[in-house]
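Each remark here refers to the structure printed beneath this line.
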Amino acid sequence: MSSDLLFEGIDEPGLATLEGYRHRGGYETLPKALRMRRDEVLNELIESELRGRGGAGFSMGKKASFLPKGDMDKYLVCNADESEPGAFKDRELMQKNPHQLIEGLIIAAYATAATRAFIFIRGEYAYVADILERAVAEAKEAGYLGERVLNSDHNLILWVHRGAGAYICGEETALLDALEGKRGNPRLKPPFPANQGLYQGPTLINNVETLSTVPHIISMGAEEYVKLGVPNSTGTKIVSVSGNVQRPGNYEIELGISSRELICDLAGGPPAGREIKLWFPGGSSSPVLTADDLDLPYDFDSMAKAGSMLGSGTIIVVDDSNDVLDVALKVAKFYRHESCGKCTPCREGTNWTVKMLERIQRGEATPMDLDIMASVQERIIGHCLCVLGDSMAMPIGSMIAKFRGEFEAHMESARDEGDRAAIEAAA
Amino acid sequence: MTPPPERIARFSHGSRVPGWDEAVDLELDPAEVPDPATTEVPADLRQEIMSRYPERHSAALPALTAAQRRYGWCSPEALEQVACVMRVTPAYLAAVATFYDMLRVDPAPVDTHAIYVCTNISCSLNGADALFDAMRAAAGDDEHFDVRAFECLGACDIAPMASVDGTYVGPLAPADCVRIVGQCRAGEEVLPERQLARRKAADTLAREAGLK
């Protein structure tokens, strides 16, 4: 049904060690890559049509090709600040197969001639960072990192950098600020990190899963890789499925299989007797889909066509025992807490959305409030330096559009209850 | 968690760490980069701050984390020492410390147990709110426990879950909380059988079950 690349033998004992990784053929691709010219490696990555696995889905090879050529300090940063609600794929990849990521990182650094690399891992993943640090030390010892990697002309120093708990640091420019030791505020773009990133130098930033895929592409060749998946969504994807499903967890699939197969067959679907009410196809930032959308293929374009997005490949399933208002409030509160406060539409918009949802809950709202709330969402989208505000506006907007009746019913019943309580108190 | 006024910690020059609930004393001059001649910094802390990065500013987060490990929280004393080594002002570090959730800006003892209960969507769909209440009740008013409702910790496969001093455990029931707190107090490993690090990937289980 699907071929495993990244998760192949993922639970094999000792895979996290250098010996275990080598035993499975690890670090055999690196010498091959180093024998190729840098632009040949880059070309393979472009031709593989690998799209970034961190959320935006931009072509990884193209992004790498934007870095200026020439002799200068260039940086490669691996974004391991996985904080999207519902996402936990990078954690499993790094915990169980850290060398796969390191090998991909070395190859990507070679292709772009980056000499300094960082893995920015969220502070909460402390035990995963320990594993990574051990793996980096092993790789250094074995000559895969440092001066003249495997006697080539490529030098690379790699640091594991721990964050300290802030969702916004998953945004690439905020991540760079955090890496420079500042508050994690996003920067104005352009200039894009490819031109002016870390310490003002050209910087390539890629997600853990994206970089972990690189050795497989070079090993099998772009021509073979594009046969996996569907056009414009090539390859395999690790999908985190959670929420109201019987077998939550990470599944590696070929892009383009039906969403129902993924949610109901692999993850076991909702508990017995329950129906799927809504699902987030790409983390809590993605507009919600309903049970009617379950037969859509799970790939970048199909999700976009359905008005949502694949994002980081993070499915959260909500069954019919839950109130849509509670889900909306959880989402809104999360973004209110995580907004860095730099841009007004996001800082104020997330706050007001929470307040308005709470008014609905308390029975103090009127149906007009739903329209105001929807317009607040529209005013956030596209008006900030980064997409954190949009990430609340899109799911909330879609919930209002698709479950308006339920919001209104909730308003009515909460108001009736409030009236009754007031009458009883007066009497 | 706001400390009573007499407990508010101050820098040696009398100014207090900004970011707390009370107004800053505007009569005082802002603190400058601390003088290495008069600021004593423990050798191991200095070593930890300076050993890693090509750009000294990059050390801010690891340095504050190291200082917190040593002092329990980002106290004025801790900030002053880190500022001294990094050659920045304490205010710069206070601005950084107040931004990040894992850096404590309220007084806490050195051996504080950090228990983060994830209350984001996937966990709350599986009963995280009741779990958080139970965890708070289990820790009571013991100041050695920092029990917090946390945003998604990236372990929705074991929802509802908690991070206990960095160890991920789940799925948890409210009844487990007393045991967790007890194990922390006794210095034991927390729920070994339910640690995420020892769990197989769902993908592997699906393959073993012939689903894939």
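Residues in the structure tokens are numbered from 1 in each chain, the chains being A, B, ... in the order shown, and ligands are numbered from 1 in the order shown.
Near Ala129 (chain A), within a cut-off of 9 Å and counting only C-alpha atoms, sit the residues Met94, Gln95, Ile121, Arg122, Gly123, Tyr125, Ala126, Leu132, Glu133, Arg134, Val160, His161 and Arg162 of chain A, with same-chain residues fewer than 3 positions away left out.
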Take the residues that were just selected and, keeping N, CA and C atoms, output them as a PDB file, in the first residue's frame.
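File produced: out-v8.pdb:
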ATOM      1  N   MET A  94      13.462  12.521  14.985  1.00  0.00           N
ATOM      2  CA  MET A  94      14.731  12.887  15.629  1.00  0.00           C
ATOM      3  C   MET A  94      15.077  11.929  16.762  1.00  0.00           C
ATOM      4  N   GLN A  95      14.050  11.517  17.488  1.00  0.00           N
ATOM      5  CA  GLN A  95      14.297  10.642  18.628  1.00  0.00           C
ATOM      6  C   GLN A  95      14.812   9.281  18.166  1.00  0.00           C
ATOM      7  N   ILE A 121      15.944  23.235  18.091  1.00  0.00           N
ATOM      8  CA  ILE A 121      14.932  22.321  18.608  1.00  0.00           C
ATOM      9  C   ILE A 121      14.189  22.979  19.759  1.00  0.00           C
ATOM     10  N   ARG A 122      12.875  22.768  19.817  1.00  0.00           N
ATOM     11  CA  ARG A 122      12.097  23.416  20.884  1.00  0.00           C
ATOM     12  C   ARG A 122      12.551  22.912  22.250  1.00  0.00           C
ATOM     13  N   GLY A 123      12.554  23.798  23.220  1.00  0.00           N
ATOM     14  CA  GLY A 123      13.083  23.481  24.544  1.00  0.00           C
ATOM     15  C   GLY A 123      12.363  22.333  25.236  1.00  0.00           C
ATOM     16  N   TYR A 125      11.416  19.593  23.988  1.00  0.00           N
ATOM     17  CA  TYR A 125      11.940  18.299  23.530  1.00  0.00           C
ATOM     18  C   TYR A 125      13.340  18.056  24.106  1.00  0.00           C
ATOM     19  N   ALA A 126      13.487  18.233  25.419  1.00  0.00           N
ATOM     20  CA  ALA A 126      14.821  18.141  26.020  1.00  0.00           C
ATOM     21  C   ALA A 126      15.464  16.778  25.792  1.00  0.00           C
ATOM     22  N   LEU A 132      20.017  14.009  20.020  1.00  0.00           N
ATOM     23  CA  LEU A 132      20.648  14.681  18.886  1.00  0.00           C
ATOM     24  C   LEU A 132      22.093  15.052  19.195  1.00  0.00           C
ATOM     25  N   GLU A 133      22.302  15.567  20.408  1.00  0.00           N
ATOM     26  CA  GLU A 133      23.664  15.975  20.768  1.00  0.00           C
ATOM     27  C   GLU A 133      24.620  14.788  20.777  1.00  0.00           C
ATOM     28  N   ARG A 134      24.127  13.644  21.270  1.00  0.00           N
ATOM     29  CA  ARG A 134      24.961  12.438  21.238  1.00  0.00           C
ATOM     30  C   ARG A 134      25.282  12.056  19.796  1.00  0.00           C
ATOM     31  N   VAL A 160      23.539  22.018  18.092  1.00  0.00           N
ATOM     32  CA  VAL A 160      22.146  21.780  18.477  1.00  0.00           C
ATOM     33  C   VAL A 160      21.765  22.899  19.429  1.00  0.00           C
ATOM     34  N   HIS A 161      20.775  23.692  19.043  1.00  0.00           N
ATOM     35  CA  HIS A 161      20.381  24.844  19.847  1.00  0.00           C
ATOM     36  C   HIS A 161      18.981  24.631  20.399  1.00  0.00           C
ATOM     37  N   ARG A 162      18.831  24.768  21.709  1.00  0.00           N
ATOM     38  CA  ARG A 162      17.522  24.536  22.319  1.00  0.00           C
ATOM     39  C   ARG A 162      16.768  25.836  22.507  1.00  0.00           C
TER      40      ARG A 162
END
If you take only C-alpha atoms and a cut-off of 8 Å, which residues of region 246-298 of chain A touch region 193-207 of chain B, and what are their nearest atom pairs and distances in Å to one decimal, in chain and number order, as JSON lines?
{"residue": "A:Arg247", "atom": "CA", "partner": "B:Ala202", "partner_atom": "CA", "distance": 7.3}
{"residue": "A:Pro248", "atom": "CA", "partner": "B:Ala202", "partner_atom": "CA", "distance": 7.1}
{"residue": "A:Gly249", "atom": "CA", "partner": "B:Ala202", "partner_atom": "CA", "distance": 4.9}
{"residue": "A:Asn250", "atom": "CA", "partner": "B:Ala202", "partner_atom": "CA", "distance": 5.6}
{"residue": "A:Tyr251", "atom": "CA", "partner": "B:Asp203", "partner_atom": "CA", "distance": 4.7}
{"residue": "A:Glu252", "atom": "CA", "partner": "B:Asp203", "partner_atom": "CA", "distance": 6.7}
{"residue": "A:Leu266", "atom": "CA", "partner": "B:Ala206", "partner_atom": "CA", "distance": 6.8}
Just to be explicit: take each residue in the selection above, keep C-alpha atoms, and write the result as a short mmCIF file (atom, residue, chain, number, x, y, z; two decimals), in the first residue's frame.
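The resulting file, result_5.cif, is shown below:
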data_model
loop_
_atom_site.label_atom_id
_atom_site.label_comp_id
_atom_site.auth_asym_id
_atom_site.auth_seq_id
_atom_site.Cartn_x
_atom_site.Cartn_y
_atom_site.Cartn_z
CA ARG A 247 -4.99 4.65 17.06
CA PRO A 248 -3.37 8.09 17.20
CA GLY A 249 0.19 8.35 15.99
CA ASN A 250 2.58 8.96 13.10
CA TYR A 251 1.98 7.17 9.82
CA GLU A 252 4.14 7.33 6.74
CA LEU A 266 -4.77 3.37 9.72
#
From region 314-420 of chain A, collect each residue whose DSSP state is helix (DSSP H, G or I) and return the set as number ranges by chain. A: 324-338, 344-362, 367-380, 388-402, 404-420
Would you mind listing, for every residue of chain A within 6 Å of chain B, the two atoms forming the shortest contact and the distance between them in Å to one decimal, using only C-alpha atoms, sorted by chain and ascending residue number, as JSON lines?
{"residue": "A:Pro85", "atom": "CA", "partner": "B:Cys152", "partner_atom": "CA", "distance": 5.1}
{"residue": "A:Gly86", "atom": "CA", "partner": "B:Cys156", "partner_atom": "CA", "distance": 6.0}
{"residue": "A:Ala87", "atom": "CA", "partner": "B:Gly154", "partner_atom": "CA", "distance": 5.8}
{"residue": "A:Phe88", "atom": "CA", "partner": "B:Gly154", "partner_atom": "CA", "distance": 4.6}
{"residue": "A:Ala126", "atom": "CA", "partner": "B:Gly166", "partner_atom": "CA", "distance": 6.0}
{"residue": "A:Ala164", "atom": "CA", "partner": "B:Met102", "partner_atom": "CA", "distance": 5.2}
{"residue": "A:Gly165", "atom": "CA", "partner": "B:Asp101", "partner_atom": "CA", "distance": 4.9}
{"residue": "A:Ala166", "atom": "CA", "partner": "B:Tyr100", "partner_atom": "CA", "distance": 5.7}
{"residue": "A:Leu179", "atom": "CA", "partner": "B:Ser58", "partner_atom": "CA", "distance": 5.6}
{"residue": "A:Glu180", "atom": "CA", "partner": "B:Ser58", "partner_atom": "CA", "distance": 4.3}
{"residue": "A:Gly181", "atom": "CA", "partner": "B:Ser58", "partner_atom": "CA", "distance": 4.4}
{"residue": "A:Lys182", "atom": "CA", "partner": "B:Val96", "partner_atom": "CA", "distance": 6.0}
{"residue": "A:Arg183", "atom": "CA", "partner": "B:Val96", "partner_atom": "CA", "distance": 5.0}
{"residue": "A:Ser242", "atom": "CA", "partner": "B:Cys156", "partner_atom": "CA", "distance": 5.8}
{"residue": "A:Gly243", "atom": "CA", "partner": "B:Ser122", "partner_atom": "CA", "distance": 4.3}
{"residue": "A:Pro248", "atom": "CA", "partner": "B:Asp157", "partner_atom": "CA", "distance": 4.9}
{"residue": "A:Gly249", "atom": "CA", "partner": "B:Asp157", "partner_atom": "CA", "distance": 4.7}
{"residue": "A:Asn250", "atom": "CA", "partner": "B:Ala202", "partner_atom": "CA", "distance": 5.6}
{"residue": "A:Tyr251", "atom": "CA", "partner": "B:Asp203", "partner_atom": "CA", "distance": 4.7}
Written selection (N, CA and C atoms) as a short mmCIF file (atom, residue, chain, number, x, y, z; two decimals), in the first residue's frame:
data_model
loop_
_atom_site.label_atom_id
_atom_site.label_comp_id
_atom_site.auth_asym_id
_atom_site.auth_seq_id
_atom_site.Cartn_x
_atom_site.Cartn_y
_atom_site.Cartn_z
N PRO A 85 -0.04 22.77 17.06
CA PRO A 85 -0.89 21.82 17.78
C PRO A 85 -1.25 20.63 16.90
N GLY A 86 -0.99 19.44 17.39
CA GLY A 86 -1.29 18.22 16.66
C GLY A 86 -0.10 17.63 15.94
N ALA A 87 1.01 18.37 15.85
CA ALA A 87 2.17 17.87 15.10
C ALA A 87 3.17 17.21 16.04
N PHE A 88 3.60 16.01 15.68
CA PHE A 88 4.61 15.35 16.51
C PHE A 88 5.48 14.41 15.68
N ALA A 126 13.49 18.23 25.42
CA ALA A 126 14.82 18.14 26.02
C ALA A 126 15.46 16.78 25.79
N ALA A 164 13.25 27.85 24.17
CA ALA A 164 12.81 27.91 25.56
C ALA A 164 11.30 28.03 25.66
N GLY A 165 10.59 27.57 24.63
CA GLY A 165 9.13 27.54 24.75
C GLY A 165 8.46 28.74 24.15
N ALA A 166 8.29 28.78 22.84
CA ALA A 166 7.51 29.82 22.18
C ALA A 166 7.14 29.30 20.78
N LEU A 179 17.53 32.39 17.69
CA LEU A 179 18.87 31.81 17.55
C LEU A 179 19.95 32.86 17.79
N GLU A 180 19.62 34.11 17.52
CA GLU A 180 20.57 35.19 17.78
C GLU A 180 20.47 35.67 19.23
N GLY A 181 19.61 35.00 20.02
CA GLY A 181 19.52 35.34 21.44
C GLY A 181 18.56 36.46 21.76
N LYS A 182 17.60 36.69 20.87
CA LYS A 182 16.64 37.78 21.12
C LYS A 182 15.27 37.20 21.44
N ARG A 183 14.31 38.11 21.72
CA ARG A 183 12.92 37.69 21.77
C ARG A 183 12.55 37.21 20.37
N SER A 242 -4.25 12.61 15.31
CA SER A 242 -4.59 12.59 16.73
C SER A 242 -5.99 13.14 16.96
N GLY A 243 -6.36 13.26 18.23
CA GLY A 243 -7.71 13.72 18.58
C GLY A 243 -8.59 12.53 18.84
N PRO A 248 -4.11 6.88 17.56
CA PRO A 248 -3.37 8.09 17.20
C PRO A 248 -1.89 7.79 17.00
N GLY A 249 -1.24 8.55 16.16
CA GLY A 249 0.19 8.35 15.99
C GLY A 249 0.67 8.82 14.63
N ASN A 250 1.96 8.57 14.36
CA ASN A 250 2.58 8.96 13.10
C ASN A 250 2.50 7.83 12.08
N TYR A 251 2.04 8.15 10.89
CA TYR A 251 1.98 7.17 9.82
C TYR A 251 2.68 7.72 8.60
#
8 Å contact set for region 171-178 of chain A, only C-alpha atoms, chain neighbours under 3 positions out, as a VMD selection string: (chain A and resid 79 120 163 168 181 to 187 193 197 to 198 205 386) or (chain B and resid 58 61)
Export of the given selection (N, CA and C atoms) as a PDB file, in the first residue's frame:
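Output contents, as saved in again-v4.pdb:
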ATOM      1  N   ASN A  79      14.826  23.606  11.137  1.00  0.00           N
ATOM      2  CA  ASN A  79      13.735  24.035  12.005  1.00  0.00           C
ATOM      3  C   ASN A  79      13.127  22.816  12.697  1.00  0.00           C
ATOM      4  N   PHE A 120      17.656  23.962  15.386  1.00  0.00           N
ATOM      5  CA  PHE A 120      16.938  24.696  16.432  1.00  0.00           C
ATOM      6  C   PHE A 120      15.792  23.820  16.913  1.00  0.00           C
ATOM      7  N   GLY A 163      15.515  25.842  22.128  1.00  0.00           N
ATOM      8  CA  GLY A 163      14.641  26.975  22.385  1.00  0.00           C
ATOM      9  C   GLY A 163      14.197  26.960  23.840  1.00  0.00           C
ATOM     10  N   ILE A 168       5.944  30.812  18.302  1.00  0.00           N
ATOM     11  CA  ILE A 168       6.312  31.724  17.219  1.00  0.00           C
ATOM     12  C   ILE A 168       7.702  31.400  16.665  1.00  0.00           C
ATOM     13  N   GLY A 181      19.612  34.999  20.021  1.00  0.00           N
ATOM     14  CA  GLY A 181      19.518  35.335  21.437  1.00  0.00           C
ATOM     15  C   GLY A 181      18.565  36.462  21.758  1.00  0.00           C
ATOM     16  N   LYS A 182      17.605  36.691  20.870  1.00  0.00           N
ATOM     17  CA  LYS A 182      16.644  37.776  21.122  1.00  0.00           C
ATOM     18  C   LYS A 182      15.271  37.202  21.443  1.00  0.00           C
ATOM     19  N   ARG A 183      14.311  38.107  21.719  1.00  0.00           N
ATOM     20  CA  ARG A 183      12.917  37.687  21.774  1.00  0.00           C
ATOM     21  C   ARG A 183      12.550  37.206  20.368  1.00  0.00           C
ATOM     22  N   GLY A 184      11.723  36.180  20.295  1.00  0.00           N
ATOM     23  CA  GLY A 184      11.408  35.619  18.988  1.00  0.00           C
ATOM     24  C   GLY A 184      10.348  36.404  18.246  1.00  0.00           C
ATOM     25  N   ASN A 185      10.739  37.536  17.679  1.00  0.00           N
ATOM     26  CA  ASN A 185       9.799  38.322  16.881  1.00  0.00           C
ATOM     27  C   ASN A 185      10.087  38.109  15.400  1.00  0.00           C
ATOM     28  N   PRO A 186       9.034  37.954  14.584  1.00  0.00           N
ATOM     29  CA  PRO A 186       9.274  37.785  13.151  1.00  0.00           C
ATOM     30  C   PRO A 186       9.856  39.061  12.544  1.00  0.00           C
ATOM     31  N   ARG A 187      10.555  38.864  11.412  1.00  0.00           N
ATOM     32  CA  ARG A 187      11.135  40.017  10.718  1.00  0.00           C
ATOM     33  C   ARG A 187      10.320  40.331   9.476  1.00  0.00           C
ATOM     34  N   PRO A 193      15.343  35.154   4.190  1.00  0.00           N
ATOM     35  CA  PRO A 193      16.523  34.566   4.835  1.00  0.00           C
ATOM     36  C   PRO A 193      17.573  34.075   3.838  1.00  0.00           C
ATOM     37  N   GLY A 197      19.797  36.248   6.431  1.00  0.00           N
ATOM     38  CA  GLY A 197      19.177  35.459   7.485  1.00  0.00           C
ATOM     39  C   GLY A 197      19.935  35.567   8.774  1.00  0.00           C
ATOM     40  N   LEU A 198      20.467  34.443   9.221  1.00  0.00           N
ATOM     41  CA  LEU A 198      21.180  34.407  10.490  1.00  0.00           C
ATOM     42  C   LEU A 198      22.431  35.281  10.433  1.00  0.00           C
ATOM     43  N   ILE A 205      16.651  27.572   5.523  1.00  0.00           N
ATOM     44  CA  ILE A 205      15.954  27.004   6.678  1.00  0.00           C
ATOM     45  C   ILE A 205      15.030  25.902   6.195  1.00  0.00           C
ATOM     46  N   CYS A 386       4.014  37.996   9.947  1.00  0.00           N
ATOM     47  CA  CYS A 386       4.021  36.553   9.746  1.00  0.00           C
ATOM     48  C   CYS A 386       2.586  36.044   9.731  1.00  0.00           C
TER      49      CYS A 386
ATOM     50  N   SER B  58      24.093  34.639  20.753  1.00  0.00           N
ATOM     51  CA  SER B  58      23.337  33.398  20.570  1.00  0.00           C
ATOM     52  C   SER B  58      23.241  32.582  21.848  1.00  0.00           C
ATOM     53  N   LEU B  61      19.642  32.099  25.232  1.00  0.00           N
ATOM     54  CA  LEU B  61      18.688  31.098  25.715  1.00  0.00           C
ATOM     55  C   LEU B  61      19.360  29.973  26.504  1.00  0.00           C
TER      56      LEU B  61
END
